[in-house]
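Trainee: Submitted below is the structure of interest, expressed as C-alpha cells.
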Amino acid sequence: MMNIQIFGTKKSFDTKKAQRYFQDRRIPFQFIDLKEKGLSPGEFSSVKQAVGGIAAMVDTQCKDKDALALIQYSIESDKEKLILDNQQVLVMTIVRNGKKATIGYCPDVWKQWE
C-alpha cells in the first residue's frame, strides 16, 4: 500500500508532472502546497534521511537568494530550523511514500514503489 504525499507548489512544472504521473496510474496522493503549509519537522527529518541530507533538499537556484545565503552560511545546527522557516528554498518537488522520498521528478524510483 502506497501512501504518497507530493510537496510542491501549484506553479511548479515538476510538481504538475509528479501529480500527473500518479493520476495516470490511479495512485491516490495527497498534495501539500508549500506556499500554504510546509513540511512539518517530522516530515522534514524523514525526507532528509531518505534523500541523504539537507544539501540534496536545498535549491541552490531558488529565487530567494537572501534566505539561501542565510542558510548556506549558518552553522550546521541552525540550518534545519532556518530551512523549516524558509521552505521556499527547498527543491520542488518532494514526493514521499512513508520512509521513502525523492527530490524532483523521479519516475524511475516511483516505479519501484508500485
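Following the order of the C-alpha cells, chains are lettered A, B, ..., residues in each are numbered from 1, and ligands are numbered from 1.
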Could you tell me, as number ranges by chain, which residues of region 40-93 of chain A DSSP assigns to alpha helix (DSSP H) when given the backbone?

Mentor: A: 41-51, 54-57, 65-72, 76-85

Trainee: Fewer than 3 positions away in the same chain doesn't count, so skip those; otherwise give me all residues within 9 Å of Lys10 (chain A), counting only C-alpha atoms, as JSON, numbers by chain.

Mentor: {"A": [13, 15, 16, 33, 34, 35]}

Trainee: Considering only C-alpha atoms, return as number ranges by chain whatever protein or nucleic-acid residues lie within 12 Å of Val89 (chain A), sequence-local ones (same chain, fewer than 3 positions apart) excluded.

Mentor: A: 8, 34-35, 38, 54-72, 79-80, 82-86, 92-93

Trainee: Those same residues, written as a short mmCIF file (atom, residue, chain, number, x, y, z; two decimals), in the first residue's frame with N, CA and C atoms?

Mentor:
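See selection-v4.cif below for the written result:
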```
data_model
loop_
_atom_site.label_atom_id
_atom_site.label_comp_id
_atom_site.auth_asym_id
_atom_site.auth_seq_id
_atom_site.Cartn_x
_atom_site.Cartn_y
_atom_site.Cartn_z
N GLY A 8 4.93 20.55 -3.01
CA GLY A 8 5.38 21.43 -4.09
C GLY A 8 4.51 22.66 -4.14
N LEU A 34 3.41 23.95 -0.64
CA LEU A 34 4.41 24.52 0.27
C LEU A 34 4.23 26.01 0.49
N LYS A 35 3.45 26.67 -0.37
CA LYS A 35 3.18 28.10 -0.14
C LYS A 35 2.15 28.28 0.98
N GLY A 38 3.80 24.08 5.02
CA GLY A 38 5.09 23.47 4.72
C GLY A 38 5.22 22.07 5.27
N ILE A 54 20.48 17.42 4.11
CA ILE A 54 19.94 18.74 3.79
C ILE A 54 20.41 19.25 2.43
N ALA A 55 21.67 18.99 2.10
CA ALA A 55 22.24 19.53 0.85
C ALA A 55 21.41 19.13 -0.37
N ALA A 56 20.87 17.92 -0.36
CA ALA A 56 20.07 17.45 -1.50
C ALA A 56 18.72 18.16 -1.58
N MET A 57 18.27 18.72 -0.46
CA MET A 57 16.93 19.31 -0.40
C MET A 57 16.90 20.79 -0.76
N VAL A 58 18.04 21.46 -0.65
CA VAL A 58 18.07 22.91 -0.86
C VAL A 58 18.33 23.23 -2.33
N ASP A 59 17.49 24.09 -2.90
CA ASP A 59 17.61 24.51 -4.29
C ASP A 59 18.57 25.69 -4.38
N THR A 60 19.77 25.43 -4.86
CA THR A 60 20.78 26.49 -4.94
C THR A 60 20.43 27.53 -6.01
N GLN A 61 19.41 27.23 -6.84
CA GLN A 61 18.97 28.17 -7.87
C GLN A 61 17.67 28.89 -7.48
N CYS A 62 17.25 28.76 -6.22
CA CYS A 62 15.96 29.34 -5.82
C CYS A 62 15.99 30.87 -5.94
N LYS A 63 14.80 31.46 -6.02
CA LYS A 63 14.70 32.91 -6.22
C LYS A 63 15.10 33.72 -4.99
N ASP A 64 14.86 33.14 -3.79
CA ASP A 64 15.13 33.88 -2.56
C ASP A 64 16.61 33.75 -2.16
N LYS A 65 17.44 34.57 -2.80
CA LYS A 65 18.89 34.49 -2.59
C LYS A 65 19.29 34.86 -1.15
N ASP A 66 18.53 35.75 -0.52
CA ASP A 66 18.87 36.16 0.85
C ASP A 66 18.68 34.98 1.82
N ALA A 67 17.54 34.32 1.72
CA ALA A 67 17.29 33.16 2.59
C ALA A 67 18.31 32.06 2.31
N LEU A 68 18.62 31.87 1.04
CA LEU A 68 19.58 30.84 0.65
C LEU A 68 20.95 31.13 1.26
N ALA A 69 21.40 32.38 1.17
CA ALA A 69 22.70 32.77 1.73
C ALA A 69 22.70 32.58 3.25
N LEU A 70 21.61 32.98 3.89
CA LEU A 70 21.49 32.84 5.34
C LEU A 70 21.68 31.38 5.74
N ILE A 71 21.03 30.47 5.00
CA ILE A 71 21.12 29.05 5.31
C ILE A 71 22.51 28.51 5.00
N GLN A 72 23.05 28.87 3.83
CA GLN A 72 24.35 28.34 3.42
C GLN A 72 25.47 28.74 4.38
N LYS A 79 20.76 25.15 10.59
CA LYS A 79 20.26 25.04 9.21
C LYS A 79 18.85 24.47 9.13
N GLU A 80 18.58 23.42 9.89
CA GLU A 80 17.27 22.77 9.80
C GLU A 80 16.15 23.74 10.16
N LEU A 82 16.23 27.02 10.08
CA LEU A 82 16.17 28.07 9.05
C LEU A 82 15.44 27.58 7.79
N ILE A 83 15.69 26.32 7.40
CA ILE A 83 15.01 25.78 6.22
C ILE A 83 13.52 25.62 6.51
N LEU A 84 13.18 25.12 7.70
CA LEU A 84 11.76 24.97 8.06
C LEU A 84 11.04 26.32 8.07
N ASP A 85 11.76 27.38 8.43
CA ASP A 85 11.18 28.73 8.45
C ASP A 85 11.15 29.37 7.06
N ASN A 86 11.94 28.84 6.13
CA ASN A 86 12.06 29.42 4.78
C ASN A 86 11.96 28.31 3.73
N MET A 92 11.73 21.87 -5.54
CA MET A 92 10.40 21.37 -5.88
C MET A 92 10.65 20.16 -6.74
N THR A 93 10.22 19.17 -6.54
CA THR A 93 9.08 18.64 -5.86
C THR A 93 9.58 17.56 -4.91
#
```

Trainee: With DSSP run on the backbone, what are the strand (DSSP E) residues within chain A? I'd like them as a ChimeraX atom specification.

Mentor: /A:4-8,29-33,94-97,100-103

Trainee: Which residues come within 12 Å of Ile4 (chain A), counting only C-alpha atoms, excluding same-chain residues fewer than 5 positions away, as a list of chain:residue names?

Mentor: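 Answer for this query is A:Ala18, A:Gln19, A:Tyr21, A:Phe22, A:Gln23, A:Arg26, A:Ile27, A:Pro28, A:Phe29, A:Gln30, A:Phe31, A:Ile32, A:Ile94, A:Val95, A:Arg96, A:Asn97, A:Gly98, A:Lys99, A:Lys100, A:Ala101, A:Thr102, A:Trp110, A:Trp113, A:Glu114.
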
Trainee: Work out how far CA of Phe44 (chain A) is from CA of Asp24 (chain A), in Å to one decimal.

Mentor: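 Here the two named atoms are 27.2 Å from each other.
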
Trainee: From the options A:Val51, A:Lys111, A:Gly104, A:Leu39, which residue's atoms come nearest to Lys81 (chain A), counting only C-alpha atoms?

Mentor: A:Leu39

Trainee: Looking at only C-alpha atoms, which of A:Pro41, A:Cys106, A:Gln87, A:Ser46 is the one that sits closest to Lys17 (chain A)?

Mentor: A:Cys106

Trainee: Could you jot down the CA of Ser77 (chain A) to CA of Lys48 (chain A) separation for me, Å, one decimal place?

Mentor: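 Distance reported for this atom pair: 14.2 Å.
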
Trainee: What is the CA of Val109 (chain A) to CA of Glu76 (chain A) distance in Å?

Mentor: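 Computing it gives 29.2 Å between the two atoms.
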
Trainee: Taking only C-alpha atoms into account, which of A:Ile103, A:Ser45, A:Gly52, A:Gln112 comes nearest Ile6 (chain A)?

Mentor: A:Ile103
